[in-house]
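Participant: run-v7.csv is the file, holding CSV, C-alpha atoms and all ligand atoms:
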chain,number,residue,atom,x,y,z
A,1,MET,CA,92.1,87.1,107.7
A,2,SER,CA,93.7,85.7,104.6
A,3,THR,CA,97.4,86.5,104.6
A,4,ASN,CA,100.7,85.8,102.8
A,5,GLY,CA,102.4,83.5,105.3
A,6,HIS,CA,101.5,85.9,108.1
A,7,LYS,CA,100.8,84.1,111.4
A,8,TRP,CA,98.2,85.9,113.5
A,9,ASN,CA,98.3,86.3,117.2
A,10,PRO,CA,94.8,87.0,118.6
A,11,LYS,CA,96.2,88.4,121.9
A,12,GLY,CA,98.7,90.7,120.1
A,13,TYR,CA,95.9,91.9,117.8
A,14,GLU,CA,93.7,92.7,120.7
A,15,GLU,CA,96.5,94.7,122.4
A,16,HIS,CA,97.9,96.6,119.5
A,17,ALA,CA,95.0,96.8,116.9
A,18,HIS,CA,91.7,96.7,118.7
A,19,TYR,CA,90.7,100.0,117.1
A,20,VAL,CA,90.4,98.1,113.8
A,21,TYR,CA,87.1,96.6,114.8
A,22,LYS,CA,85.7,99.8,116.1
A,23,LEU,CA,86.6,101.6,112.8
A,24,GLY,CA,84.7,98.9,110.9
A,25,GLU,CA,81.4,99.6,112.6
A,26,PRO,CA,80.1,102.1,109.9
A,27,LEU,CA,80.1,99.1,107.5
A,28,ILE,CA,77.3,97.6,109.5
A,29,ALA,CA,75.1,100.6,108.6
A,30,LEU,CA,76.2,100.2,105.0
A,31,LEU,CA,75.1,96.6,105.0
A,32,SER,CA,72.0,97.2,107.0
A,33,PRO,CA,71.4,93.6,108.0
A,34,THR,CA,67.9,92.5,109.0
A,35,GLU,CA,66.6,89.8,111.3
A,36,SER,CA,67.0,86.2,109.9
A,37,GLU,CA,69.3,87.3,107.0
A,38,LYS,CA,72.3,85.1,106.4
A,39,ILE,CA,75.5,87.2,106.5
A,40,MET,CA,79.2,86.2,105.9
A,41,ASP,CA,82.0,88.1,107.7
A,42,LEU,CA,84.9,87.6,105.4
A,43,GLY,CA,88.2,87.8,107.3
A,44,CYS,CA,86.4,87.9,110.7
A,45,GLY,CA,89.6,87.8,112.8
A,46,HIS,CA,88.6,87.1,116.4
A,47,GLY,CA,85.1,88.1,115.7
A,48,GLU,CA,84.5,91.5,117.4
A,49,LEU,CA,82.6,93.0,114.4
A,50,THR,CA,80.8,89.6,113.9
A,51,LEU,CA,79.5,89.9,117.4
A,52,ARG,CA,78.1,93.4,116.6
A,53,LEU,CA,76.4,92.0,113.5
A,54,MET,CA,74.8,89.2,115.7
A,55,GLU,CA,73.0,92.0,117.7
A,56,PHE,CA,70.8,92.4,114.6
A,57,GLU,CA,69.7,88.8,115.0
A,58,CYS,CA,70.9,87.8,111.6
A,59,SER,CA,72.7,84.5,111.2
A,60,VAL,CA,76.4,85.2,110.8
A,61,THR,CA,79.2,83.0,109.6
A,62,GLY,CA,82.7,84.2,110.1
A,63,ILE,CA,85.4,83.1,107.7
A,64,ASP,CA,89.1,83.4,108.3
A,65,SER,CA,92.2,81.6,107.0
A,66,SER,CA,93.9,81.8,110.4
A,67,PRO,CA,93.1,78.8,112.7
A,68,GLU,CA,94.3,80.9,115.7
A,69,MET,CA,91.9,83.7,114.9
A,70,VAL,CA,89.0,81.3,114.3
A,71,SER,CA,89.6,79.6,117.6
A,72,ALA,CA,89.5,83.0,119.3
A,73,ALA,CA,86.3,83.9,117.5
A,74,ASN,CA,84.7,80.6,118.5
A,75,GLU,CA,85.7,81.3,122.1
A,76,ASN,CA,84.0,84.7,121.8
A,77,GLY,CA,80.8,82.9,120.8
A,78,VAL,CA,81.0,83.4,117.1
A,79,ASN,CA,80.2,80.8,114.5
A,80,ALA,CA,83.4,81.0,112.5
A,81,VAL,CA,85.2,78.5,110.2
A,82,VAL,CA,88.7,78.2,108.8
A,83,MET,CA,88.5,78.8,105.1
A,84,LYS,CA,90.7,80.6,102.5
A,85,ALA,CA,89.0,83.6,101.0
A,86,GLN,CA,90.1,82.4,97.5
A,87,GLU,CA,88.4,79.0,98.1
A,88,LEU,CA,84.9,80.0,99.4
A,89,ALA,CA,82.7,76.9,99.2
A,90,PHE,CA,79.2,78.4,99.0
A,91,ASN,CA,76.6,78.8,96.3
A,92,ASN,CA,73.7,81.4,96.4
A,93,GLU,CA,73.6,81.1,100.2
A,94,PHE,CA,74.2,84.6,101.7
A,95,ASP,CA,72.1,87.8,101.8
A,96,GLY,CA,75.2,89.8,102.5
A,97,ILE,CA,78.9,89.8,102.9
A,98,ILE,CA,80.9,92.2,105.1
A,99,SER,CA,84.7,92.5,105.1
A,100,ASN,CA,86.7,94.8,107.3
A,101,ALA,CA,90.5,95.4,107.1
A,102,ALA,CA,91.0,92.0,105.4
A,103,ILE,CA,90.9,92.3,101.6
A,104,HIS,CA,94.3,93.9,101.3
A,105,TRP,CA,95.8,90.6,102.5
A,106,MET,CA,94.1,88.7,99.7
A,107,THR,CA,96.4,88.8,96.7
A,108,ASP,CA,94.4,86.4,94.5
A,109,ILE,CA,91.7,89.0,94.3
A,110,ASP,CA,89.9,87.6,91.2
A,111,LYS,CA,89.3,84.3,92.8
A,112,VAL,CA,88.2,86.0,96.1
A,113,LEU,CA,85.6,88.2,94.3
A,114,GLU,CA,84.4,85.3,92.1
A,115,GLY,CA,83.8,83.3,95.3
A,116,CYS,CA,82.0,86.2,97.0
A,117,PHE,CA,79.8,86.6,93.9
A,118,ARG,CA,79.0,82.9,93.8
A,119,SER,CA,78.3,82.8,97.6
A,120,LEU,CA,75.7,85.6,97.4
A,121,LYS,CA,72.0,85.1,96.5
A,122,PRO,CA,70.8,87.2,93.6
A,123,GLY,CA,70.5,90.8,94.8
A,124,GLY,CA,72.9,90.1,97.7
A,125,ARG,CA,75.0,92.9,99.1
A,126,PHE,CA,78.8,93.0,99.5
A,127,VAL,CA,80.2,95.8,101.7
A,128,GLY,CA,83.7,96.3,102.8
A,129,GLU,CA,86.6,98.5,103.7
A,130,PHE,CA,90.3,97.8,103.3
A,131,GLY,CA,93.6,99.5,102.4
A,132,GLY,CA,93.3,101.5,99.1
A,133,GLU,CA,95.8,103.2,96.9
A,134,GLY,CA,98.5,105.0,99.0
A,135,ASN,CA,97.6,103.1,102.2
A,136,VAL,CA,100.3,103.4,104.8
A,137,GLY,CA,102.4,105.0,102.1
A,138,ARG,CA,104.9,106.5,104.5
A,139,ILE,CA,105.4,103.2,106.3
A,140,VAL,CA,105.8,101.4,103.0
A,141,ASN,CA,108.3,104.0,101.7
A,142,ALA,CA,110.4,103.8,104.9
A,143,THR,CA,110.4,100.0,104.6
A,144,ALA,CA,111.5,100.1,101.0
A,145,ARG,CA,114.4,102.5,101.9
A,146,TYR,CA,115.4,100.3,104.8
A,147,PHE,CA,115.6,97.2,102.5
A,148,GLU,CA,117.7,99.3,99.9
A,149,ASN,CA,120.1,100.0,102.7
A,150,HIS,CA,120.2,96.4,103.9
A,151,PRO,CA,120.7,94.2,100.8
A,152,GLU,CA,121.4,91.2,103.0
A,153,LEU,CA,117.6,91.1,103.7
A,154,GLY,CA,116.8,90.6,100.0
A,155,GLU,CA,114.3,92.6,97.9
A,156,PHE,CA,111.2,94.2,99.3
A,157,SER,CA,108.0,94.1,97.3
A,158,VAL,CA,104.7,95.3,98.7
A,159,PRO,CA,102.9,92.1,99.7
A,160,TRP,CA,99.5,93.7,100.1
A,161,TYR,CA,96.7,94.7,97.6
A,162,PHE,CA,96.1,98.4,97.9
A,163,PRO,CA,94.1,99.2,94.7
A,164,SER,CA,92.9,102.5,93.3
A,165,VAL,CA,89.1,103.0,93.0
A,166,GLU,CA,89.3,102.4,89.3
A,167,ASP,CA,91.2,99.1,89.6
A,168,PHE,CA,89.0,97.7,92.4
A,169,ALA,CA,85.8,98.8,90.5
A,170,GLU,CA,87.1,96.9,87.4
A,171,ASP,CA,87.9,93.8,89.6
A,172,LEU,CA,84.4,93.9,91.1
A,173,GLU,CA,82.7,94.4,87.7
A,174,HIS,CA,84.8,91.6,86.2
A,175,ALA,CA,83.4,89.3,88.9
A,176,GLY,CA,79.9,90.3,87.9
A,177,PHE,CA,79.1,92.9,90.6
A,178,TYR,CA,77.1,96.1,90.2
A,179,ILE,CA,78.8,98.9,92.2
A,180,GLU,CA,76.5,101.0,94.3
A,181,TYR,CA,79.1,103.1,96.2
A,182,MET,CA,82.9,103.4,96.4
A,183,GLU,CA,85.1,105.9,98.1
A,184,LEU,CA,88.8,106.3,99.0
A,185,ILE,CA,89.0,107.8,102.5
A,186,ASP,CA,92.1,109.4,104.0
A,187,ARG,CA,92.0,108.2,107.6
A,188,PRO,CA,95.1,109.0,109.8
A,189,THR,CA,94.6,106.6,112.7
A,190,PRO,CA,96.0,106.9,116.2
A,191,LEU,CA,98.1,103.9,117.3
A,192,PRO,CA,97.4,102.9,120.9
A,193,THR,CA,100.8,101.1,121.3
A,194,GLY,CA,102.8,103.3,118.9
A,195,ILE,CA,104.5,102.3,115.7
A,196,LYS,CA,106.4,99.5,117.3
A,197,GLY,CA,103.2,97.8,118.4
A,198,TRP,CA,101.8,98.3,114.8
A,199,LEU,CA,104.9,96.9,113.2
A,200,LEU,CA,105.0,93.8,115.5
A,201,THR,CA,101.3,93.1,114.7
A,202,PHE,CA,101.2,93.8,110.9
A,203,PHE,CA,104.8,93.2,109.7
A,204,HIS,CA,105.1,89.9,111.5
A,205,GLY,CA,105.1,88.1,108.2
A,206,LEU,CA,107.5,90.5,106.6
A,207,MET,CA,110.0,90.1,109.5
A,208,SER,CA,109.5,86.3,109.7
A,209,GLY,CA,112.9,85.6,108.1
A,210,PHE,CA,114.7,88.1,110.3
A,211,THR,CA,116.9,87.2,113.2
A,212,GLU,CA,115.9,88.8,116.6
A,213,GLU,CA,118.8,91.3,116.1
A,214,GLN,CA,117.6,92.2,112.6
A,215,LYS,CA,114.0,92.6,113.9
A,216,ASP,CA,115.2,95.1,116.6
A,217,SER,CA,117.3,97.0,114.2
A,218,PHE,CA,114.5,97.2,111.6
A,219,ILE,CA,111.9,98.4,114.2
A,220,ASN,CA,114.2,100.9,115.8
A,221,GLU,CA,115.4,102.4,112.5
A,222,ILE,CA,111.9,102.5,110.9
A,223,SER,CA,110.6,104.2,114.0
A,224,GLU,CA,113.4,106.9,113.8
A,225,ILE,CA,112.7,107.5,110.1
A,226,LEU,CA,109.0,107.8,110.6
A,227,LYS,CA,109.0,109.8,113.8
A,228,PRO,CA,109.1,113.3,112.1
A,229,GLU,CA,106.2,112.2,109.8
A,230,LEU,CA,103.9,110.1,111.9
A,231,TYR,CA,104.4,111.2,115.5
A,232,ASN,CA,103.4,114.3,117.4
A,233,LYS,CA,104.0,115.1,121.0
A,234,ASP,CA,100.4,115.8,121.8
A,235,ASN,CA,98.7,112.9,120.1
A,236,GLY,CA,101.4,110.2,119.8
A,237,TRP,CA,101.8,107.9,116.9
A,238,TYR,CA,99.4,107.4,114.0
A,239,ALA,CA,99.3,105.3,110.8
A,240,ASP,CA,98.6,107.0,107.5
A,241,TYR,CA,95.7,104.8,106.6
A,242,VAL,CA,93.8,105.3,103.3
A,243,ARG,CA,90.7,103.2,103.2
A,244,LEU,CA,88.7,102.0,100.2
A,245,ARG,CA,85.1,101.6,101.3
A,246,PHE,CA,82.5,100.1,98.9
A,247,LYS,CA,79.1,98.5,98.5
A,248,ALA,CA,78.4,96.2,95.5
A,249,LEU,CA,75.4,94.1,94.5
A,250,LYS,CA,75.0,90.7,92.9
B,1,LIG,C1,96.3,97.9,107.1
B,1,LIG,O1,95.4,97.5,107.8
B,1,LIG,O2,96.1,99.0,106.5
B,1,LIG,C2,97.6,97.2,106.9
B,1,LIG,C3,97.8,96.0,107.4
B,1,LIG,C4,99.0,95.3,107.2
B,1,LIG,C5,100.0,95.9,106.4
B,1,LIG,C6,99.8,97.2,105.9
B,1,LIG,C7,98.6,97.8,106.1
Translate the structure described by the file into structure tokens.
Ligand code: BEZ
Facilitator:
Amino acid sequence: MSTNGHKWNPKGYEEHAHYVYKLGEPLIALLSPTESEKIMDLGCGHGELTLRLMEFECSVTGIDSSPEMVSAANENGVNAVVMKAQELAFNNEFDGIISNAAIHWMTDIDKVLEGCFRSLKPGGRFVGEFGGEGNVGRIVNATARYFENHPELGEFSVPWYFPSVEDFAEDLEHAGFYIEYMELIDRPTPLPTGIKGWLLTFFHGLMSGFTEEQKDSFINEISEILKPELYNKDNGWYADYVRLRFKALK
């Protein structure tokens, strides 16, 4: 996945966020890959969704900016290469691109979409799902409040791209795409290892300048703030995900 200085840990992702791949499976139906097609998995991580695609006997190339994730994908038997999403080096090569839970890390979105458009053959399909407007809003708000109360940590600005349907549609069209489908989906998602596991996995980059003590204090305080909103006794913790799902054509 393309990230802003975030260092990925494939084992941690497997433990705390394995559900992300499972939730991406409806995208395969949206792409509807056929045998011998050439498909790119943009932000493939350690390649779980890529493996599902390979069951359709298409030729799949996983792309990820994290060398750790690409090594893990290669070990899983996936053809994956280290490449930044904003520097895709392909021309008219792919029948389809699929991207799950990765685009919100890609802040240079114009370059990313321009590269996707260029990489596809005419008529090629681009399907994806990522954090849309309001995604993890409660977690983001709690984090902003925490930073306000701890000025020694500096200023907090949201480092992810969580666009509205209108803004993302404009970005896709600007790159040349025709939009076939787009929807914002409210999807509260259970967290198998609770909010702490989630913060350790996804806020690793955000906490990279913190001391161990600051990390503990941040995680404990955010968990306390969020408990009344994102925890319930019967089902445990969940994240207030809002997904933007789309299909666009070149
Ligand atoms: C997400 O997958 O929705 C997400 C990932 C990292 C930070 C915030 C949200």
Participant: Hey, which residues come within 9 Å of ligand LIG 1 (chain B) if we count only C-alpha atoms and all ligand atoms? Could you give them as a ChimeraX atom specification?
Facilitator: /A:20,101-102,104-105,130-132,135-136,139-140,158-160,162,198-199,201-203,239-243
Participant: If we count all atoms listed in the file and set the cut-off at 9 Å, which residues sit around Pro33 of chain A, ignoring sequence neighbours fewer than 6 positions away in its own chain? Please answer as a ChimeraX atom specification.
Facilitator: /A:39,53,56-58,95-96
Participant: Within 10 Å of segment 175-191 of chain A, counting all atoms listed in the file, which residues qualify if same-chain residues fewer than 6 places away don't, as a PyMOL selection string?
Facilitator: chain A and resi 16-20+23+30+109-118+123-136+163-166+168-169+197-198+230-231+235-250
Participant: Measuring atom to atom with only C-alpha atoms, identify which of A:Lys233, A:Lys227, A:His46, A:Lys38 is nearest to Asn9 of chain A.
Facilitator: A:His46
Participant: So, counting all atoms listed in the file, which residue among A:His174, A:Arg52, A:Lys84, A:Arg138 is closest to Pro67 of chain A?
Facilitator: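 Of A:His174, A:Arg52, A:Lys84, A:Arg138, the one nearest Pro67 of chain A, counting all atoms listed in the file, is A:Lys84.
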Participant: Quick one: residues within 7 Å of Lys121 of chain A, all atoms listed in the file, excluding same-chain residues fewer than 4 positions away - as a ChimeraX atom specification?
Facilitator: /A:92-95
Participant: Distance atom CA of Leu42 of chain A-atom CA of Glu75 of chain A, one decimal place?
Facilitator: 17.9 Å
Participant: So how many Å separate atom CA of Ile98 of chain A and atom CA of Val78 of chain A, to one decimal?
Facilitator: 14.9 Å
Participant: Find the distance between atom CA of Glu48 of chain A and atom CA of Ser32 of chain A and write it in Å to one decimal.
Facilitator: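 Atom CA of Glu48 of chain A sits 17.2 Å away from atom CA of Ser32 of chain A.
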Participant: Choose the residue, out of A:Gln86, A:Ser223, A:Asn74, A:Asn91, that has the smallest atom-to-atom separation from Pro122 of chain A; count all atoms listed in the file.
Facilitator: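 Looking only at the distances to Pro122 of chain A, the closest residue turns out to be A:Asn91.
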Participant: Please provide as a PyMOL selection string all residues within 10 Å of Gly47 of chain A, with the sequence filter that same-chain residues fewer than 4 positions apart are discarded (counting only C-alpha atoms).
Facilitator: chain A and resi 21+41+43+51-53+61-64+69-80
Participant: Would you pick out the contacts of segment 213-218 of chain A at 9 Å or less, using only C-alpha atoms, so that residues sharing its chain but fewer than 5 positions from it are not included, and give the list as a PDB file with C-alpha atoms, in the frame of the given file?
Facilitator:
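Just written: result-v2.pdb:
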ATOM      1  CA  THR A 143     110.400 100.000 104.600  1.00  0.00           C
ATOM      2  CA  TYR A 146     115.400 100.300 104.800  1.00  0.00           C
ATOM      3  CA  LEU A 153     117.600  91.100 103.700  1.00  0.00           C
ATOM      4  CA  MET A 207     110.000  90.100 109.500  1.00  0.00           C
ATOM      5  CA  SER A 208     109.500  86.300 109.700  1.00  0.00           C
ATOM      6  CA  SER A 223     110.600 104.200 114.000  1.00  0.00           C
TER       7      SER A 223
END
Participant: Given only C-alpha atoms as the basis, pick out the residue of A:Val60, A:Ile97, A:Cys44, A:Leu27 nearest to Val82 of chain A.
Facilitator: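 Of all the options, A:Cys44 lies closest to Val82 of chain A.
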